[in-house]
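Everything below concerns the one structure shown next.
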Amino acid sequence: MGRKNTIFLALFVALITNEAMAEQHVVGGSQGWDASTDFNSWVSGQTFNVGDQLVFKYSSGLHSVVELGSESEYMNCDLGNTVNSMSSGNDVVQLNNPGTRYFACGTLGHCGQGMKVKITTVSGTSSPASSSSSSSSTTSSSASQCFSSLVLIFASLIASLLNQF
């Protein structure tokens, strides 16, 4: 029975650790999804990893978020064939796969005024670009690593206790 408990605990810890390593990126930072935000500057200070989430915060009714299917649609602000459309004002997008995704505001004229963002997701939990990340992203990453270490220590203690029974 002790071996089964240890295996179960190891799987549980792996799931918790993976979740703890994921980050939520509020698109546009403190300004959010707004026409006045410089999204190119914001993106340049971020590293997006598989498992992370994008959070689009904006005034519902004033803006929306559409996901575009290609770089051409993104560059030309072609909103005619969107992959996904969101309008809650607090939209969350899970980054499940490495690659590039394109988002724009669905409100007429906003994309052409620069309200669009290109997100490139990498498969690892760290990359060379992370050294140029903002200090808040670095702090978040350090906190995640510390939390993961604590979870592993705690899990080891529980596994030891379970093996004694």
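Note on naming: chains are A, B, ... as they come in the structure tokens, residues start from 1 per chain, ligands start from 1 in the order shown.
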Distance query Lys57 of chain A at most 6 Å, only C-alpha atoms, self and fewer than 4 positions along chain excluded, as a ChimeraX atom specification
/A:32-33,89-90
Dump as a compact mmCIF listing (two decimals), in the first residue's frame, selection limited to N, CA, C and O atoms:
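Generated output (out_31.txt):
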```txt
# COMPACT_ATOMS: atom_id res chain seq x y z
N GLY A 32 -3.85 47.24 -19.39
CA GLY A 32 -4.78 46.26 -19.93
C GLY A 32 -4.95 46.37 -21.43
O GLY A 32 -4.13 46.95 -22.14
N TRP A 33 -6.04 45.81 -21.91
CA TRP A 33 -6.37 45.77 -23.34
C TRP A 33 -7.05 47.08 -23.68
O TRP A 33 -8.26 47.24 -23.56
N GLY A 89 -14.78 41.10 -21.19
CA GLY A 89 -14.05 42.14 -20.46
C GLY A 89 -12.99 41.57 -19.53
O GLY A 89 -12.18 42.29 -18.97
N ASN A 90 -13.00 40.25 -19.37
CA ASN A 90 -12.00 39.55 -18.55
C ASN A 90 -11.80 38.17 -19.17
O ASN A 90 -12.13 37.15 -18.58
```
Find the residues around segment 63-65 of chain A up to 7 Å (only C-alpha atoms counted), leave out those fewer than 6 positions away in its own chain, and share them as a PyMOL selection string.
chain A and resi 85-87+103-107
Rounded to one decimal place, report the atom CA of Ser36 of chain A-atom CA of Phe56 of chain A distance in Å.
14.4 Å
Quick one: residues within 10 Å of Gly29 of chain A, only C-alpha atoms, excluding same-chain residues fewer than 2 positions away - as a PDB file with C-alpha atoms, in the first residue's frame?
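And here is the file that came out, out24.pdb:
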```
ATOM      1  CA  HIS A  25       0.009  37.535 -18.229  1.00  0.00           C
ATOM      2  CA  VAL A  26      -2.377  40.484 -18.150  1.00  0.00           C
ATOM      3  CA  VAL A  27      -2.174  41.669 -21.750  1.00  0.00           C
ATOM      4  CA  GLN A  31      -3.128  49.457 -18.738  1.00  0.00           C
ATOM      5  CA  GLY A  32      -4.779  46.262 -19.929  1.00  0.00           C
ATOM      6  CA  TRP A  33      -6.370  45.767 -23.337  1.00  0.00           C
ATOM      7  CA  THR A  37      -1.273  50.592 -24.710  1.00  0.00           C
ATOM      8  CA  ASP A  38       1.963  49.972 -26.623  1.00  0.00           C
ATOM      9  CA  PHE A  39       1.566  46.218 -27.094  1.00  0.00           C
ATOM     10  CA  TRP A  42       4.712  45.080 -23.516  1.00  0.00           C
ATOM     11  CA  VAL A  43       5.368  41.851 -25.460  1.00  0.00           C
ATOM     12  CA  VAL A  55      -5.766  37.634 -19.510  1.00  0.00           C
ATOM     13  CA  PHE A  56      -7.430  40.368 -21.550  1.00  0.00           C
ATOM     14  CA  LYS A  57      -8.924  42.998 -19.214  1.00  0.00           C
TER      15      LYS A  57
END
```
Which of A:Gly69, A:Gly124, A:Gly80, A:Gly51 sits closest to Arg101 of chain A [using only C-alpha atoms]:
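Selected residue with least distance to Arg101 of chain A: A:Gly69.
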Please run DSSP on the backbone and report, as a PyMOL selection string, all residues within segment 14-121 of chain A that come out as alpha helix (DSSP H).
chain A and resi 14-21+39-44+71-75
Let me see the file: selected residues, N, CA, C and O atoms, as a compact mmCIF listing (two decimals), in the first residue's frame.
```
# COMPACT_ATOMS: atom_id res chain seq x y z
N ALA A 14 3.43 16.44 -9.15
CA ALA A 14 3.78 16.85 -10.51
C ALA A 14 2.71 17.78 -11.09
O ALA A 14 3.04 18.79 -11.73
N LEU A 15 1.45 17.47 -10.85
CA LEU A 15 0.37 18.33 -11.34
C LEU A 15 0.40 19.70 -10.66
O LEU A 15 0.25 20.73 -11.31
N ILE A 16 0.58 19.72 -9.34
CA ILE A 16 0.63 20.99 -8.61
C ILE A 16 1.82 21.82 -9.05
O ILE A 16 1.71 23.03 -9.25
N THR A 17 2.96 21.19 -9.20
CA THR A 17 4.17 21.90 -9.59
C THR A 17 4.01 22.52 -10.97
O THR A 17 4.36 23.67 -11.19
N ASN A 18 3.43 21.78 -11.91
CA ASN A 18 3.21 22.31 -13.26
C ASN A 18 2.29 23.51 -13.20
O ASN A 18 2.53 24.52 -13.86
N GLU A 19 1.23 23.43 -12.41
CA GLU A 19 0.28 24.55 -12.28
C GLU A 19 0.96 25.75 -11.63
O GLU A 19 0.73 26.89 -12.01
N ALA A 20 1.82 25.51 -10.64
CA ALA A 20 2.49 26.60 -9.94
C ALA A 20 3.49 27.32 -10.84
O ALA A 20 3.74 28.50 -10.67
N MET A 21 4.05 26.61 -11.81
CA MET A 21 5.03 27.21 -12.69
C MET A 21 4.38 28.09 -13.77
O MET A 21 5.02 28.94 -14.34
N PHE A 39 1.50 47.67 -27.24
CA PHE A 39 1.57 46.22 -27.09
C PHE A 39 2.91 45.64 -27.53
O PHE A 39 3.36 44.65 -26.97
N ASN A 40 3.58 46.27 -28.50
CA ASN A 40 4.90 45.77 -28.92
C ASN A 40 5.90 45.90 -27.78
O ASN A 40 6.70 44.99 -27.54
N SER A 41 5.87 47.02 -27.07
CA SER A 41 6.77 47.18 -25.92
C SER A 41 6.42 46.20 -24.81
O SER A 41 7.31 45.61 -24.20
N TRP A 42 5.13 46.01 -24.57
CA TRP A 42 4.71 45.08 -23.52
C TRP A 42 5.18 43.67 -23.83
O TRP A 42 5.75 43.00 -22.97
N VAL A 43 4.98 43.21 -25.07
CA VAL A 43 5.37 41.85 -25.46
C VAL A 43 6.87 41.65 -25.34
O VAL A 43 7.33 40.59 -24.93
N SER A 44 7.66 42.68 -25.67
CA SER A 44 9.12 42.54 -25.66
C SER A 44 9.66 42.24 -24.26
O SER A 44 10.75 41.69 -24.13
N GLU A 71 -0.63 35.33 -39.80
CA GLU A 71 0.12 36.58 -39.69
C GLU A 71 -0.39 37.60 -40.70
O GLU A 71 -0.43 38.80 -40.42
N SER A 72 -0.79 37.13 -41.86
CA SER A 72 -1.32 38.03 -42.89
C SER A 72 -2.59 38.73 -42.39
O SER A 72 -2.74 39.95 -42.55
N GLU A 73 -3.50 37.98 -41.79
CA GLU A 73 -4.72 38.57 -41.22
C GLU A 73 -4.36 39.58 -40.13
O GLU A 73 -4.98 40.63 -40.02
N TYR A 74 -3.35 39.24 -39.33
CA TYR A 74 -2.89 40.12 -38.25
C TYR A 74 -2.31 41.42 -38.83
O TYR A 74 -2.68 42.51 -38.40
N MET A 75 -1.42 41.29 -39.79
CA MET A 75 -0.76 42.46 -40.37
C MET A 75 -1.77 43.39 -41.06
O MET A 75 -1.65 44.61 -41.00
```
In Å, how far is it from atom CA of Phe48 of chain A to atom CA of Val122 of chain A?
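Rounded to one decimal, the two atoms are 6.2 Å apart.
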Please, what distance in Å, to one decimal, runs between atom CA of Gln24 of chain A and atom CA of Val92 of chain A?
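According to the coordinates, atom CA of Gln24 of chain A and atom CA of Val92 of chain A are separated by 8.9 Å.
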What's around Pro98 of chain A at 7 Å? Count only C-alpha atoms, leave out sequence neighbours fewer than 2 positions away in its own chain, and write the answer as a PyMOL selection string.
chain A and resi 50+121-123
Written file, previous selection with N, CA, C and O atoms, as a JSON list (two decimals), in the first residue's frame:
```json
[["chain", "number", "residue", "atom", "x", "y", "z"],
["A", 50, "VAL", "N", 4.39, 27.40, -22.60],
["A", 50, "VAL", "CA", 3.25, 26.49, -22.65],
["A", 50, "VAL", "C", 2.73, 26.32, -21.22],
["A", 50, "VAL", "O", 3.50, 26.13, -20.28],
["A", 121, "THR", "N", 4.64, 31.58, -28.09],
["A", 121, "THR", "CA", 4.74, 30.70, -26.94],
["A", 121, "THR", "C", 5.87, 29.70, -27.16],
["A", 121, "THR", "O", 5.96, 29.10, -28.22],
["A", 122, "VAL", "N", 6.71, 29.55, -26.14],
["A", 122, "VAL", "CA", 7.82, 28.59, -26.21],
["A", 122, "VAL", "C", 7.48, 27.38, -25.34],
["A", 122, "VAL", "O", 6.68, 27.46, -24.41],
["A", 123, "SER", "N", 8.13, 26.25, -25.63],
["A", 123, "SER", "CA", 7.77, 25.01, -24.95],
["A", 123, "SER", "C", 8.40, 24.85, -23.57],
["A", 123, "SER", "O", 7.89, 24.12, -22.75]]
```
Between A:Ala22, A:Leu54, A:Val83, A:Lys116, which is the closest to Leu68 of chain A once you count only C-alpha atoms?
A:Val83
